[in-house]
>>> print(open('data11.txt').read())   # compact mmCIF, C-alpha atoms
# COMPACT_ATOMS: atom_id res chain seq x y z
CA MET A 275 1.17 -21.93 -11.14
CA LYS A 276 0.58 -25.56 -10.13
CA MET A 277 -2.79 -26.54 -8.70
CA THR A 278 -3.30 -29.52 -6.41
CA ASN A 279 -6.60 -30.69 -4.95
CA ILE A 280 -5.86 -31.69 -1.37
CA TYR A 281 -9.45 -32.38 -0.29
CA GLU A 282 -12.38 -33.44 -2.40
CA GLY A 283 -15.74 -33.83 -0.68
CA SER A 284 -18.89 -31.76 -0.91
CA TYR A 285 -16.42 -28.91 -1.19
CA GLN A 286 -12.75 -28.65 -2.16
CA TRP A 287 -9.41 -27.53 -0.81
CA ILE A 288 -6.96 -26.53 -3.54
CA MET A 289 -3.31 -25.68 -3.07
CA PHE A 290 -1.64 -23.26 -5.53
CA GLY A 291 2.13 -22.96 -5.70
CA ARG A 292 5.45 -23.69 -7.40
CA ASP A 293 4.85 -20.91 -9.92
CA GLU A 294 7.53 -21.38 -12.58
CA ASN A 295 7.37 -17.76 -13.68
CA LYS A 296 7.91 -16.33 -10.20
CA PRO A 297 10.78 -13.79 -10.07
CA ASP A 298 13.86 -15.55 -8.64
CA LYS A 299 14.45 -13.28 -5.68
CA ILE A 300 11.03 -13.56 -4.07
CA ILE A 301 10.26 -16.46 -1.77
CA ASP A 302 8.04 -19.23 -3.13
CA THR A 303 4.66 -19.38 -1.41
CA ASN A 304 1.72 -21.76 -1.15
CA GLN A 305 -1.74 -20.30 -1.55
CA TYR A 306 -4.87 -22.23 -0.58
CA MET A 307 -8.51 -22.00 -1.55
CA VAL A 308 -11.60 -23.52 0.03
CA ARG A 309 -14.21 -23.81 -2.70
CA THR A 310 -17.77 -24.40 -1.44
CA ALA A 311 -21.07 -24.41 -3.35
CA ASN A 312 -21.20 -20.70 -4.15
CA ARG A 313 -18.23 -19.19 -2.43
CA CYS A 314 -14.46 -19.29 -2.29
CA LEU A 315 -12.08 -18.44 0.54
CA LEU A 316 -8.54 -17.56 -0.51
CA ILE A 317 -6.09 -18.32 2.28
CA ASP A 318 -2.92 -16.19 2.24
CA PRO A 319 -3.41 -15.18 -1.42
CA GLY A 320 0.20 -13.99 -1.79
CA GLY A 321 2.21 -10.99 -2.83
CA VAL A 322 1.71 -8.47 -5.62
CA GLU A 323 4.00 -10.39 -7.96
CA LEU A 324 1.77 -13.44 -7.69
CA PHE A 325 -1.60 -11.80 -8.23
CA ALA A 326 -1.94 -12.46 -11.98
CA PRO A 327 -0.93 -16.16 -11.99
CA MET A 328 -2.93 -16.74 -8.81
CA LEU A 329 -6.19 -15.23 -10.10
CA ALA A 330 -5.69 -16.95 -13.46
CA ALA A 331 -5.29 -20.28 -11.61
CA VAL A 332 -8.38 -19.65 -9.48
CA LEU A 333 -10.42 -19.10 -12.66
CA HIS A 334 -10.03 -22.82 -13.38
CA TYR A 335 -12.25 -23.46 -10.33
CA ALA A 336 -14.54 -20.49 -9.83
CA PRO A 337 -15.77 -17.25 -11.39
CA VAL A 338 -14.45 -13.97 -9.99
CA GLU A 339 -17.77 -13.06 -8.35
CA GLN A 340 -17.68 -16.23 -6.23
CA ILE A 341 -14.37 -15.27 -4.59
CA THR A 342 -16.13 -13.85 -1.58
CA ASP A 343 -13.60 -14.18 1.24
CA ILE A 344 -9.88 -13.75 1.83
CA PHE A 345 -7.97 -14.79 4.93
CA ALA A 346 -4.56 -13.39 5.88
CA SER A 347 -2.73 -15.39 8.54
CA HIS A 348 -0.62 -12.33 9.32
CA GLN A 349 0.62 -9.07 7.81
CA ASP A 350 3.69 -10.05 5.81
CA PRO A 351 4.00 -8.91 2.16
CA ASP A 352 4.33 -12.46 0.81
CA ILE A 353 0.97 -13.19 2.48
CA ILE A 354 -1.21 -10.26 1.50
CA SER A 355 0.58 -7.47 -0.39
CA SER A 356 -1.66 -8.36 -3.36
CA LEU A 357 -4.63 -6.99 -1.37
CA GLY A 358 -4.80 -3.71 -3.33
CA LEU A 359 -5.30 -5.70 -6.54
CA TRP A 360 -7.91 -8.06 -5.07
CA ASP A 361 -9.57 -4.88 -3.82
CA GLN A 362 -10.04 -3.77 -7.45
CA ALA A 363 -11.15 -7.22 -8.62
CA LEU A 364 -13.52 -8.16 -5.76
CA PRO A 365 -15.48 -5.12 -4.61
CA ASP A 366 -17.86 -7.12 -2.38
CA ALA A 367 -15.41 -9.49 -0.72
CA LYS A 368 -14.41 -9.73 2.95
CA LEU A 369 -10.90 -9.87 4.34
CA HIS A 370 -10.56 -11.85 7.58
CA ALA A 371 -7.40 -10.81 9.39
CA SER A 372 -6.17 -9.90 12.85
CA GLU A 373 -7.68 -6.81 14.42
CA LEU A 374 -4.18 -5.94 15.56
CA TRP A 375 -2.88 -5.69 12.01
CA GLU A 376 -5.78 -3.75 10.48
CA GLY A 377 -4.04 -0.37 10.35
CA PHE A 378 -0.96 -2.01 8.85
CA ILE A 379 -2.60 -4.31 6.29
CA ARG A 380 -4.71 -1.43 4.98
CA HIS A 381 -1.47 0.10 3.66
CA PHE A 382 -1.68 -2.49 0.85
CA GLY A 383 -4.97 -0.91 -0.30
CA CYS A 384 -8.36 -1.93 1.12
CA GLU A 385 -11.02 0.50 -0.07
CA SER A 386 -13.79 -1.79 -1.32
CA ILE A 387 -13.10 -5.04 0.48
CA GLU A 388 -14.63 -5.21 3.97
CA TYR A 389 -11.98 -5.78 6.66
CA VAL A 390 -13.39 -8.28 9.17
CA PRO A 391 -11.16 -8.03 12.25
CA ILE A 392 -10.32 -11.27 14.08
CA ALA A 393 -9.98 -10.97 17.86
CA ASP A 394 -6.95 -12.51 19.58
CA ASN A 395 -8.89 -15.61 20.62
CA GLY A 396 -9.77 -16.46 16.98
CA GLY A 397 -13.22 -17.36 15.68
CA THR A 398 -14.91 -19.09 12.77
CA ILE A 399 -15.54 -18.45 9.09
CA ASN A 400 -18.68 -20.04 7.70
CA MET A 401 -18.60 -20.84 3.99
CA ASP A 402 -21.94 -22.15 2.71
CA GLY A 403 -22.33 -24.20 5.91
CA VAL A 404 -18.70 -25.33 6.06
CA GLU A 405 -17.37 -24.08 9.36
CA LEU A 406 -13.68 -23.24 9.39
CA GLN A 407 -12.01 -22.52 12.70
CA VAL A 408 -9.62 -19.60 13.01
CA ILE A 409 -7.00 -20.86 15.47
CA PRO A 410 -4.70 -18.45 17.34
CA ALA A 411 -1.02 -18.96 16.49
CA HIS A 412 0.39 -15.78 17.98
CA TYR A 413 4.16 -15.29 17.72
CA MET A 414 4.28 -18.15 15.23
CA HIS A 415 5.97 -16.11 13.80
CA SER A 416 4.03 -12.85 13.74
CA SER A 417 2.84 -11.22 16.96
CA ALA A 418 -0.79 -11.57 15.81
CA ASN A 419 -1.04 -14.76 13.78
CA PHE A 420 -3.81 -17.24 12.96
CA ASN A 421 -4.17 -20.67 11.34
CA ILE A 422 -7.24 -22.14 9.65
CA TYR A 423 -8.50 -25.54 10.76
CA ASP A 424 -11.13 -27.55 8.90
CA SER A 425 -12.36 -30.39 11.13
CA GLN A 426 -14.21 -32.10 8.28
CA ALA A 427 -11.30 -32.11 5.81
CA LYS A 428 -8.85 -32.51 8.75
CA ILE A 429 -6.61 -29.84 7.25
CA LEU A 430 -4.67 -27.29 9.28
CA MET A 431 -3.35 -24.39 7.24
CA SER A 432 -0.46 -23.57 9.55
CA GLY A 433 0.96 -20.36 8.05
CA ASP A 434 4.72 -20.23 8.54
CA VAL A 435 4.76 -23.20 10.94
CA GLY A 436 6.09 -26.20 9.05
CA ALA A 437 7.55 -23.99 6.34
CA ALA A 438 10.68 -25.05 4.48
CA LEU A 439 12.97 -23.28 2.05
CA GLU A 440 13.02 -25.52 -0.98
CA ALA A 441 14.58 -25.62 -4.43
CA PRO A 442 12.20 -24.68 -7.25
CA GLY A 443 9.82 -27.41 -8.31
CA ALA A 444 9.84 -29.29 -4.98
CA ALA A 445 7.23 -32.00 -4.45
CA MET A 446 3.91 -31.04 -2.86
CA PHE A 447 4.14 -33.41 0.13
CA VAL A 448 7.00 -34.44 2.41
CA ASP A 449 8.08 -37.92 1.34
CA ASN A 450 11.14 -38.36 3.54
CA PHE A 451 10.72 -36.58 6.87
CA ASP A 452 14.31 -37.06 8.06
CA ALA A 453 15.71 -35.57 4.86
CA HIS A 454 13.20 -32.70 5.08
CA VAL A 455 14.23 -31.61 8.58
CA GLU A 456 17.31 -29.65 7.48
CA LYS A 457 15.20 -27.57 5.12
CA MET A 458 13.08 -26.43 8.07
CA ARG A 459 15.55 -26.08 10.93
CA PHE A 460 16.98 -22.58 10.38
CA PHE A 461 13.63 -21.20 9.23
CA HIS A 462 11.95 -22.22 12.49
CA GLN A 463 14.83 -21.36 14.79
CA ARG A 464 15.29 -17.88 13.32
CA TRP A 465 11.74 -16.81 12.44
CA MET A 466 9.91 -18.24 15.44
CA PRO A 467 10.64 -15.98 18.39
CA SER A 468 9.21 -17.76 21.44
CA ASN A 469 9.60 -21.23 22.94
CA GLN A 470 6.60 -20.52 25.18
CA ALA A 471 4.40 -19.62 22.20
CA LYS A 472 5.66 -22.71 20.40
CA ARG A 473 4.61 -24.98 23.32
CA VAL A 474 1.16 -23.37 23.49
CA TRP A 475 0.70 -23.85 19.74
CA ILE A 476 1.83 -27.50 19.82
CA ASP A 477 -0.54 -28.27 22.72
CA ARG A 478 -3.39 -26.63 20.85
CA VAL A 479 -2.69 -28.48 17.60
CA ARG A 480 -2.35 -31.85 19.36
CA GLU A 481 -5.97 -31.45 20.41
CA LEU A 482 -7.00 -31.32 16.74
CA ASP A 483 -7.46 -34.21 14.33
CA VAL A 484 -5.06 -33.20 11.54
CA ASN A 485 -4.47 -35.28 8.44
CA ILE A 486 -2.76 -32.55 6.40
CA LEU A 487 -0.62 -29.80 7.84
CA ALA A 488 -0.41 -27.18 5.10
CA PRO A 489 2.27 -24.49 5.54
CA GLN A 490 2.69 -21.34 3.48
CA HIS A 491 6.14 -22.32 2.14
CA GLY A 492 7.46 -25.69 1.05
CA ARG A 493 5.89 -29.12 1.27
CA MET A 494 2.75 -30.18 3.10
CA PHE A 495 2.76 -32.93 5.75
CA LYS A 496 0.34 -35.81 5.59
CA GLY A 497 -0.69 -38.57 8.02
CA ASP A 498 2.09 -39.68 10.38
CA ASP A 499 4.39 -36.90 9.19
CA VAL A 500 2.11 -34.41 10.98
CA LYS A 501 2.90 -36.07 14.33
CA ARG A 502 6.58 -36.36 13.36
CA PHE A 503 6.66 -32.65 12.66
CA LEU A 504 5.03 -31.76 16.01
CA ASP A 505 7.53 -33.94 17.91
CA TRP A 506 10.50 -32.50 16.02
CA PHE A 507 9.27 -28.94 16.51
CA GLU A 508 8.66 -29.52 20.22
CA ALA A 509 12.30 -30.46 20.73
CA LEU A 510 13.65 -27.57 18.66
CA PRO A 511 14.83 -24.44 20.52
CA VAL A 512 13.63 -21.30 18.69
CA GLY A 513 14.36 -17.57 18.94
CA ILE A 514 18.09 -18.16 18.45
CA ALA A 515 19.11 -14.69 17.31
CA VAL A 516 19.29 -13.20 20.81
CA MET B 286 1.21 3.71 -17.87
CA LYS B 287 4.98 3.48 -17.93
CA VAL B 288 6.87 3.15 -14.65
CA GLY B 289 8.91 6.28 -15.45
CA GLN B 290 5.75 8.28 -15.95
CA THR B 291 4.33 7.24 -12.58
CA LYS B 292 7.63 8.08 -10.93
CA SER B 293 7.72 11.49 -12.57
CA GLN B 294 4.16 12.17 -11.35
CA PHE B 295 5.06 11.26 -7.77
CA VAL B 296 8.26 13.31 -7.92
CA ALA B 297 6.51 16.31 -9.51
CA VAL B 298 3.73 16.35 -6.92
CA ALA B 299 6.19 15.91 -4.04
CA SER B 300 8.49 18.65 -5.38
CA ILE B 301 5.53 21.04 -5.58
CA ALA B 302 4.98 20.57 -1.85
CA ALA B 303 8.64 21.37 -1.18
CA GLU B 304 8.66 24.48 -3.42
CA LEU B 305 5.42 25.73 -1.89
CA SER B 306 6.77 25.35 1.59
CA ALA B 307 9.70 27.61 0.58
CA VAL B 308 7.25 30.12 -0.97
CA MET B 309 5.31 30.18 2.27
CA ASP B 310 8.47 30.98 4.25
CA VAL B 311 9.37 33.81 1.90
CA ALA B 312 5.84 35.24 2.02
CA LYS B 313 6.11 35.30 5.80
CA GLU B 314 9.44 37.13 5.46
CA ILE B 315 7.75 39.75 3.28
CA SER B 316 5.10 40.18 5.90
CA LEU B 317 7.80 40.72 8.51
CA ALA B 318 9.62 43.18 6.21
CA ALA B 319 6.35 45.09 5.81
CA ALA B 320 5.96 45.38 9.60
CA ASN B 321 9.56 46.51 9.88
CA ALA B 322 9.13 49.07 7.11
CA LYS B 323 5.99 50.40 8.77
CA ALA B 324 7.88 51.02 12.01
CA ILE B 325 10.73 52.78 10.17
CA ALA B 326 8.29 54.86 8.12
CA PHE B 327 6.46 55.85 11.31
CA ARG B 328 9.71 56.99 12.91
CA ALA B 329 10.73 58.83 9.74
CA GLY B 330 7.44 60.78 9.84
CA GLU B 331 7.06 63.36 7.06
CA LYS B 332 10.27 62.23 5.34
CA ALA B 333 8.76 58.83 4.57
CA LYS B 334 5.19 59.87 4.06
CA GLY B 335 5.07 58.26 0.61
CA PHE B 336 6.43 55.02 2.05
CA GLN B 337 3.64 54.46 4.57
CA PRO B 338 0.87 53.33 2.17
CA ILE B 339 3.43 51.15 0.39
CA THR B 340 4.08 49.18 3.59
CA ASP B 341 0.36 48.40 3.90
CA PHE B 342 0.34 47.28 0.32
CA ILE B 343 3.37 45.03 0.85
CA ASN B 344 1.62 43.47 3.84
CA GLU B 345 -1.54 42.86 1.79
CA LEU B 346 0.50 41.19 -0.92
CA ALA B 347 2.20 38.93 1.61
CA LYS B 348 -1.18 37.97 3.11
CA GLU B 349 -2.64 37.29 -0.30
CA THR B 350 0.35 35.11 -1.22
CA ILE B 351 0.07 33.14 2.02
CA GLU B 352 -3.65 32.51 1.45
CA LEU B 353 -3.09 31.42 -2.13
CA VAL B 354 -0.26 29.10 -1.15
CA GLU B 355 -2.43 27.54 1.57
CA ALA B 356 -5.14 26.82 -0.98
CA ILE B 357 -2.61 25.43 -3.45
CA ASN B 358 -1.08 23.24 -0.75
CA GLU B 359 -4.47 21.70 -0.10
CA HIS B 360 -4.95 21.15 -3.80
CA ALA B 361 -1.46 19.62 -4.11
CA LEU B 362 -2.34 17.19 -1.32
CA SER B 363 -5.46 16.02 -3.12
CA LEU B 364 -3.40 15.77 -6.32
CA TYR B 365 -1.01 13.47 -4.46
CA GLN B 366 -3.94 11.25 -3.42
CA LEU B 367 -5.11 11.20 -7.04
CA THR B 368 -1.61 10.21 -8.13
CA VAL B 369 -1.72 7.28 -5.68
CA ASP B 370 -5.21 6.30 -6.88
CA GLU B 371 -4.24 6.55 -10.52
CA HIS B 372 -1.15 4.47 -9.90
CA ARG B 373 -3.26 1.80 -8.16
CA MET B 374 -5.98 1.76 -10.81
CA THR B 375 -3.52 1.60 -13.68
CA ASP B 376 -1.48 -1.08 -11.97
CA ALA B 377 -4.66 -3.08 -11.32
CA TYR B 378 -5.78 -2.76 -14.94
CA ASN B 379 -2.36 -3.84 -16.23
CA LYS B 380 -2.40 -6.82 -13.87
CA PHE B 381 -5.94 -7.74 -14.99
CA GLU B 382 -4.70 -7.76 -18.58
CA ALA B 383 -1.95 -10.15 -17.49
CA VAL B 384 -4.58 -12.35 -15.77
CA SER B 385 -6.68 -12.31 -18.91
CA ALA B 386 -3.74 -13.54 -21.01
CA LEU B 387 -2.92 -16.28 -18.49
CA ALA B 388 -6.54 -17.32 -17.99
CA LYS B 389 -7.22 -18.19 -21.64
CA ASP B 390 -9.25 -21.41 -21.86
CA THR B 391 -9.95 -21.56 -18.13
CA ALA B 392 -13.49 -22.53 -17.17
CA TYR B 393 -14.33 -19.08 -15.81
CA GLU B 394 -12.26 -16.68 -17.96
CA ASP B 395 -15.42 -14.76 -18.95
CA SER B 396 -16.05 -13.74 -15.35
CA LEU B 397 -13.01 -11.46 -15.61
CA LYS B 398 -14.71 -9.22 -18.18
CA GLN B 399 -16.78 -7.24 -15.69
CA PRO B 400 -13.92 -6.43 -13.28
CA MET B 401 -11.75 -5.51 -16.26
CA LEU B 402 -14.35 -3.13 -17.64
CA LYS B 403 -14.73 -1.57 -14.22
CA ALA B 404 -10.99 -1.27 -13.76
CA HIS B 405 -10.66 0.36 -17.18
CA HIS B 406 -13.45 2.80 -16.34
CA ASN B 407 -11.86 3.65 -12.96
CA MET B 408 -8.46 4.11 -14.55
CA THR B 409 -9.85 6.42 -17.26
CA GLU B 410 -11.78 8.47 -14.68
CA CYS B 411 -8.69 8.78 -12.53
CA LYS B 412 -6.55 9.93 -15.45
CA ARG B 413 -9.19 12.51 -16.40
CA ASP B 414 -9.46 13.78 -12.81
CA PHE B 415 -5.71 13.96 -12.57
CA LYS B 416 -5.41 16.02 -15.75
CA SER B 417 -8.16 18.40 -14.78
CA ASN B 418 -6.65 18.84 -11.31
CA VAL B 419 -3.23 19.56 -12.80
CA ALA B 420 -4.82 22.21 -15.05
CA GLN B 421 -6.53 23.81 -12.04
CA LEU B 422 -3.32 23.76 -10.05
CA LEU B 423 -1.45 25.42 -12.92
CA GLU B 424 -4.05 28.19 -12.91
CA GLN B 425 -3.67 28.65 -9.16
CA LEU B 426 0.09 28.82 -9.53
CA ALA B 427 -0.30 31.47 -12.22
CA GLU B 428 -2.36 33.46 -9.71
CA VAL B 429 0.49 33.41 -7.18
CA MET B 430 2.73 34.97 -9.81
CA HIS B 431 0.55 38.11 -9.81
CA PRO B 432 1.32 39.30 -6.25
CA ALA B 433 4.97 38.36 -6.81
CA ARG B 434 5.09 40.58 -9.91
CA ALA B 435 3.27 43.35 -8.07
CA ALA B 436 5.75 43.10 -5.22
CA ARG B 437 8.62 43.75 -7.62
CA VAL B 438 6.90 46.92 -8.90
CA ILE B 439 6.30 48.02 -5.32
CA ALA B 440 9.95 47.36 -4.50
CA ALA B 441 10.94 49.71 -7.33
CA ASN B 442 8.54 52.40 -6.02
CA SER B 443 9.86 51.83 -2.51
CA ARG B 444 13.39 52.62 -3.67
CA ILE B 445 12.19 55.96 -5.07
CA GLU B 446 10.32 56.83 -1.88
CA ALA B 447 13.28 55.69 0.23
CA SER B 448 15.58 58.10 -1.62
CA GLN B 449 13.58 61.01 -0.11
CA ALA B 450 13.71 59.69 3.47
CA GLY B 451 16.97 61.38 4.53
CA GLU B 452 18.73 59.47 7.31
CA TYR B 453 16.20 56.64 6.88
CA LEU B 454 17.30 56.07 3.31
CA GLN B 455 19.44 53.00 4.04
CA SER B 456 16.85 51.26 6.25
CA LEU B 457 14.07 51.77 3.76
CA GLN B 458 16.24 50.77 0.84
CA ALA B 459 17.05 47.55 2.71
CA VAL B 460 13.31 46.92 3.04
CA ALA B 461 12.82 47.52 -0.68
CA GLU B 462 15.71 45.21 -1.43
CA SER B 463 14.34 42.43 0.76
CA VAL B 464 10.86 42.68 -0.82
CA ASP B 465 12.44 42.58 -4.27
CA ASN B 466 14.52 39.51 -3.42
CA ALA B 467 11.59 37.73 -1.82
CA ALA B 468 9.41 38.41 -4.84
CA GLN B 469 12.12 37.02 -7.08
CA VAL B 470 12.40 33.83 -4.95
CA ILE B 471 8.63 33.34 -5.04
CA HIS B 472 8.60 33.87 -8.79
CA ASP B 473 11.40 31.32 -9.32
CA ASN B 474 9.91 28.69 -7.00
CA VAL B 475 6.44 28.97 -8.49
CA GLN B 476 7.95 28.82 -11.95
CA ARG B 477 9.67 25.55 -11.01
CA CYS B 478 6.34 24.15 -9.74
CA ARG B 479 4.70 25.05 -13.03
CA SER B 480 7.49 23.47 -15.07
CA ALA B 481 7.31 20.24 -13.03
CA LEU B 482 3.55 20.09 -13.45
CA SER B 483 3.66 20.94 -17.16
CA VAL B 484 5.93 17.95 -17.77
CA VAL B 485 3.45 15.66 -16.00
CA ASN B 486 0.52 17.19 -17.77
CA LEU B 487 2.05 16.65 -21.19
CA THR B 488 2.96 13.02 -20.53
CA GLU B 489 0.40 10.56 -21.80
>>> encode(input="data11.txt", output="structure tokens")
Amino acid sequence: MKMTNIYEGSYQWIMFGRDENKPDKIIDTNQYMVRTANRCLLIDPGGVELFAPMLAAVLHYAPVEQITDIFASHQDPDIISSLGLWDQALPDAKLHASELWEGFIRHFGCESIEYVPIADNGGTINMDGVELQVIPAHYMHSSANFNIYDSQAKILMSGDVGAALEAPGAAMFVDNFDAHVEKMRFFHQRWMPSNQAKRVWIDRVRELDVNILAPQHGRMFKGDDVKRFLDWFEALPVGIAV
Amino acid sequence: MKVGQTKSQFVAVASIAAELSAVMDVAKEISLAAANAKAIAFRAGEKAKGFQPITDFINELAKETIELVEAINEHALSLYQLTVDEHRMTDAYNKFEAVSALAKDTAYEDSLKQPMLKAHHNMTECKRDFKSNVAQLLEQLAEVMHPARAARVIAANSRIEASQAGEYLQSLQAVAESVDNAAQVIHDNVQRCRSALSVVNLTE
């Protein structure tokens, strides 16, 4: 599992991904962690297959007892099917996820971890004084979907928005936007169901000051590539399967 | 725990539910046969005098079987939950061992010790609970065999009593036959439950 620090201030953002030992047939995912003074928030911690390499990687940065919070952007197995294992490892942690998905996500096993339901209009998660905004991203692609925005680090963890299907070992950041577009096109057209939801999301994100757009699959976008992505996405028709 | 073992536990516990459901149906059939026999014996009057108490006894046996099966069903359900729990605990412990191997020389590898100890404790407790529940369930299943055996004896007595019932001979013999068959089905189904459970119980 590769580890990349994407923000270093009084706290850290770390991206975990490109696990070389991942079974071939499961999709590669990016996991993120916000590490503050005494706490850690795991953002989309991944599927069951990834639990061991993910926790082992986290132990480079923090002890188990300081992993206090988990966030699931939506209900998909590659996002949170490891929950039953985190549930055994972190008996006092909280899971922040949509109230709509609670009955579904609990199928992965959530006996000890406290499920903190997020209402449709989002909210905040406070980590040792660092306030992270939970931004609604419904239908992008899941019917109840959220992103995490950190106004201090200027990072938007955008879930499946901005995702690309890449060859193993791809770079961490987009370095040639035009070449990257074809890796994203089908993913967005087929997985994103609603042009209306897409417009609402783009308008909302344009209001934010984003330096890094961090999706759950593929490369992250930095600086001007964030604006390039928003413009490209705005022009892209989605929901093509009907 | 091996994958095959977990699978066999899930399959065994699920197959018990299926076998018990069949036992329940047959016990209800016996109850119906008892009601039928009672009506025939009443019509036969003096000729089937010896048959009348037998019908009550058949009915009691059917009721007893139904009650026992209901209790076993409840127990089988909690055994299924234990199977799920044990699977989760064991899976978690195995994954923690994998984390421990991968986390060698990380800054915070020691912090894994406590969750690992707890996971090991939970897994051991779950395995112990599972074994003791299987043993209890085997005892309950043995209990269901008693009324089934008794029913076969009663069926034999019924045939003798039926032979003295004149024109009601055939009807009462049919009742005896149906009780005998039902008892045999219950015996076979319960035996299959016990075999399935014994396999699980022996697997370590």
>>> residues_around(input="data11.txt", residues="Ile353 of chain A", least_positions_apart="4", cutoff="8 Å", atoms="only C-alpha atoms", output="count of residues only")
8
>>> closest_atom_pairs(input="data11.txt", of="chain B", to="chain A", cutoff="6 Å", atoms="all atoms listed in the file", output="Markdown table")
| residue | atom | partner | partner_atom | distance |
| --- | --- | --- | --- | --- |
| B:Ala377 | CA | A:Leu359 | CA | 5.5 |
| B:Lys380 | CA | A:Ala326 | CA | 6.0 |
| B:Ala383 | CA | A:Ala326 | CA | 6.0 |
| B:Val384 | CA | A:Ala326 | CA | 4.6 |
| B:Leu387 | CA | A:Ala330 | CA | 5.8 |
| B:Ala388 | CA | A:Ala330 | CA | 4.6 |
| B:Thr391 | CA | A:His334 | CA | 4.9 |
| B:Ala392 | CA | A:His334 | CA | 5.1 |
| B:Tyr393 | CA | A:Pro337 | CA | 5.0 |
| B:Ser396 | CA | A:Pro337 | CA | 5.3 |
| B:Pro400 | CA | A:Ala363 | CA | 5.5 |
>>> closest_residue(input="data11.txt", among="B:Met401, B:Val311, B:Cys478, B:Ala319", to="Ala361 of chain B", atoms="only C-alpha atoms")
B:Cys478
>>> axis_aligned_box(input="data11.txt", around="segment 297-310 of chain A", padding_each_side="6 Å", output="AutoDock Vina command-line options")
--center_x -1.7 --center_y -18.8 --center_z -5.0 --size_x 44.2 --size_y 23.1 --size_z 22.1
>>> residues_around(input="data11.txt", residues="Phe327 of chain B", least_positions_apart="6", cutoff="10 Å", atoms="all atoms listed in the file", output="ChimeraX atom specification")
/B:321,333-334,336-337
>>> residues_around(input="data11.txt", residues="Ser480 of chain B", least_positions_apart="6", cutoff="12 Å", atoms="all atoms listed in the file", output="list in words")
Ala297, Val298, Ser300, Ile301, Glu304, Val419, Leu422, Leu423, Leu426, Ala427, Asp473, Asn474, Asn486 and Leu487 of chain B
>>> closest_atom_pairs(input="data11.txt", of="segment 396-456 of chain A", to="segment 467-481 of chain A", cutoff="9 Å", atoms="all atoms listed in the file", output="tab-separated table")
residue	atom	partner	partner_atom	distance
A:Ile409	CA	A:Arg478	CA	8.7
A:Pro410	CA	A:Trp475	CA	8.0
A:Ala411	CA	A:Trp475	CA	6.1
A:His412	CA	A:Ala471	CA	7.0
A:Tyr413	CA	A:Ala471	CA	6.2
A:Met414	CA	A:Lys472	CA	7.0
A:His415	CA	A:Pro467	CA	6.5
A:Ser416	CA	A:Pro467	CA	8.7
A:Leu430	CA	A:Val479	CA	8.6
>>> atom_distance(input="data11.txt", atom1="atom CA of His372 of chain B", atom2="atom CA of Lys368 of chain A")
23.3 Å
>>> atom_distance(input="data11.txt", atom1="atom CA of Asp394 of chain A", atom2="atom CA of Leu406 of chain A")
16.3 Å
>>> residues_near_point(input="data11.txt", point="(-14.3, -28.5, 2.5)", cutoff="9 Å", atoms="all atoms listed in the file", output="list in words")
Tyr281, Glu282, Gly283, Ser284, Tyr285, Gln286, Trp287, Val308, Arg309, Thr310, Met401, Val404, Glu405, Leu406, Asp424, Gln426 and Ala427 of chain A
>>> residues_around(input="data11.txt", residues="Ala447 of chain B", least_positions_apart="2", cutoff="9 Å", atoms="all atoms listed in the file", output="tab-separated table (two decimals) with C-alpha atoms, keeping the file's coordinate frame")
chain	number	residue	atom	x	y	z
B	332	LYS	CA	10.27	62.23	5.34
B	333	ALA	CA	8.76	58.83	4.57
B	335	GLY	CA	5.07	58.26	0.61
B	336	PHE	CA	6.43	55.02	2.05
B	442	ASN	CA	8.54	52.40	-6.02
B	443	SER	CA	9.86	51.83	-2.51
B	444	ARG	CA	13.39	52.62	-3.67
B	445	ILE	CA	12.19	55.96	-5.07
B	449	GLN	CA	13.58	61.01	-0.11
B	450	ALA	CA	13.71	59.69	3.47
B	451	GLY	CA	16.97	61.38	4.53
B	453	TYR	CA	16.20	56.64	6.88
B	454	LEU	CA	17.30	56.07	3.31
B	455	GLN	CA	19.44	53.00	4.04
B	456	SER	CA	16.85	51.26	6.25
B	457	LEU	CA	14.07	51.77	3.76
B	458	GLN	CA	16.24	50.77	0.84
B	461	ALA	CA	12.82	47.52	-0.68
>>> atom_distance(input="data11.txt", atom1="atom CA of Met446 of chain A", atom2="atom CA of Gly291 of chain A")
8.7 Å
>>> closest_residue(input="data11.txt", among="B:Ile343, B:Ala322, B:Ile315, B:Ala420", to="His360 of chain B", atoms="all atoms listed in the file")
B:Ala420
>>> closest_residue(input="data11.txt", among="A:Ile317, A:Asn304, A:Leu510, A:Ile288", to="Asn421 of chain A", atoms="only C-alpha atoms")
A:Ile317
>>> closest_residue(input="data11.txt", among="B:Leu367, B:Ser385, B:Glu446, B:Ala433", to="Lys412 of chain B", atoms="all atoms listed in the file")
B:Leu367
>>> residues_around(input="data11.txt", residues="Val390 of chain A", least_positions_apart="6", cutoff="8 Å", atoms="all atoms listed in the file", output="list in words")
Lys368, Leu369, His370, Ala371 and Glu373 of chain A
>>> residues_near_point(input="data11.txt", point="(15.1, -19.0, 5.3)", cutoff="7 Å", atoms="only C-alpha atoms", output="list in words")
Leu439, Phe460 and Phe461 of chain A
>>> closest_residue(input="data11.txt", among="A:Val500, A:Ala445, A:Ile514, A:Ala437", to="Gln463 of chain A", atoms="all atoms listed in the file")
A:Ile514
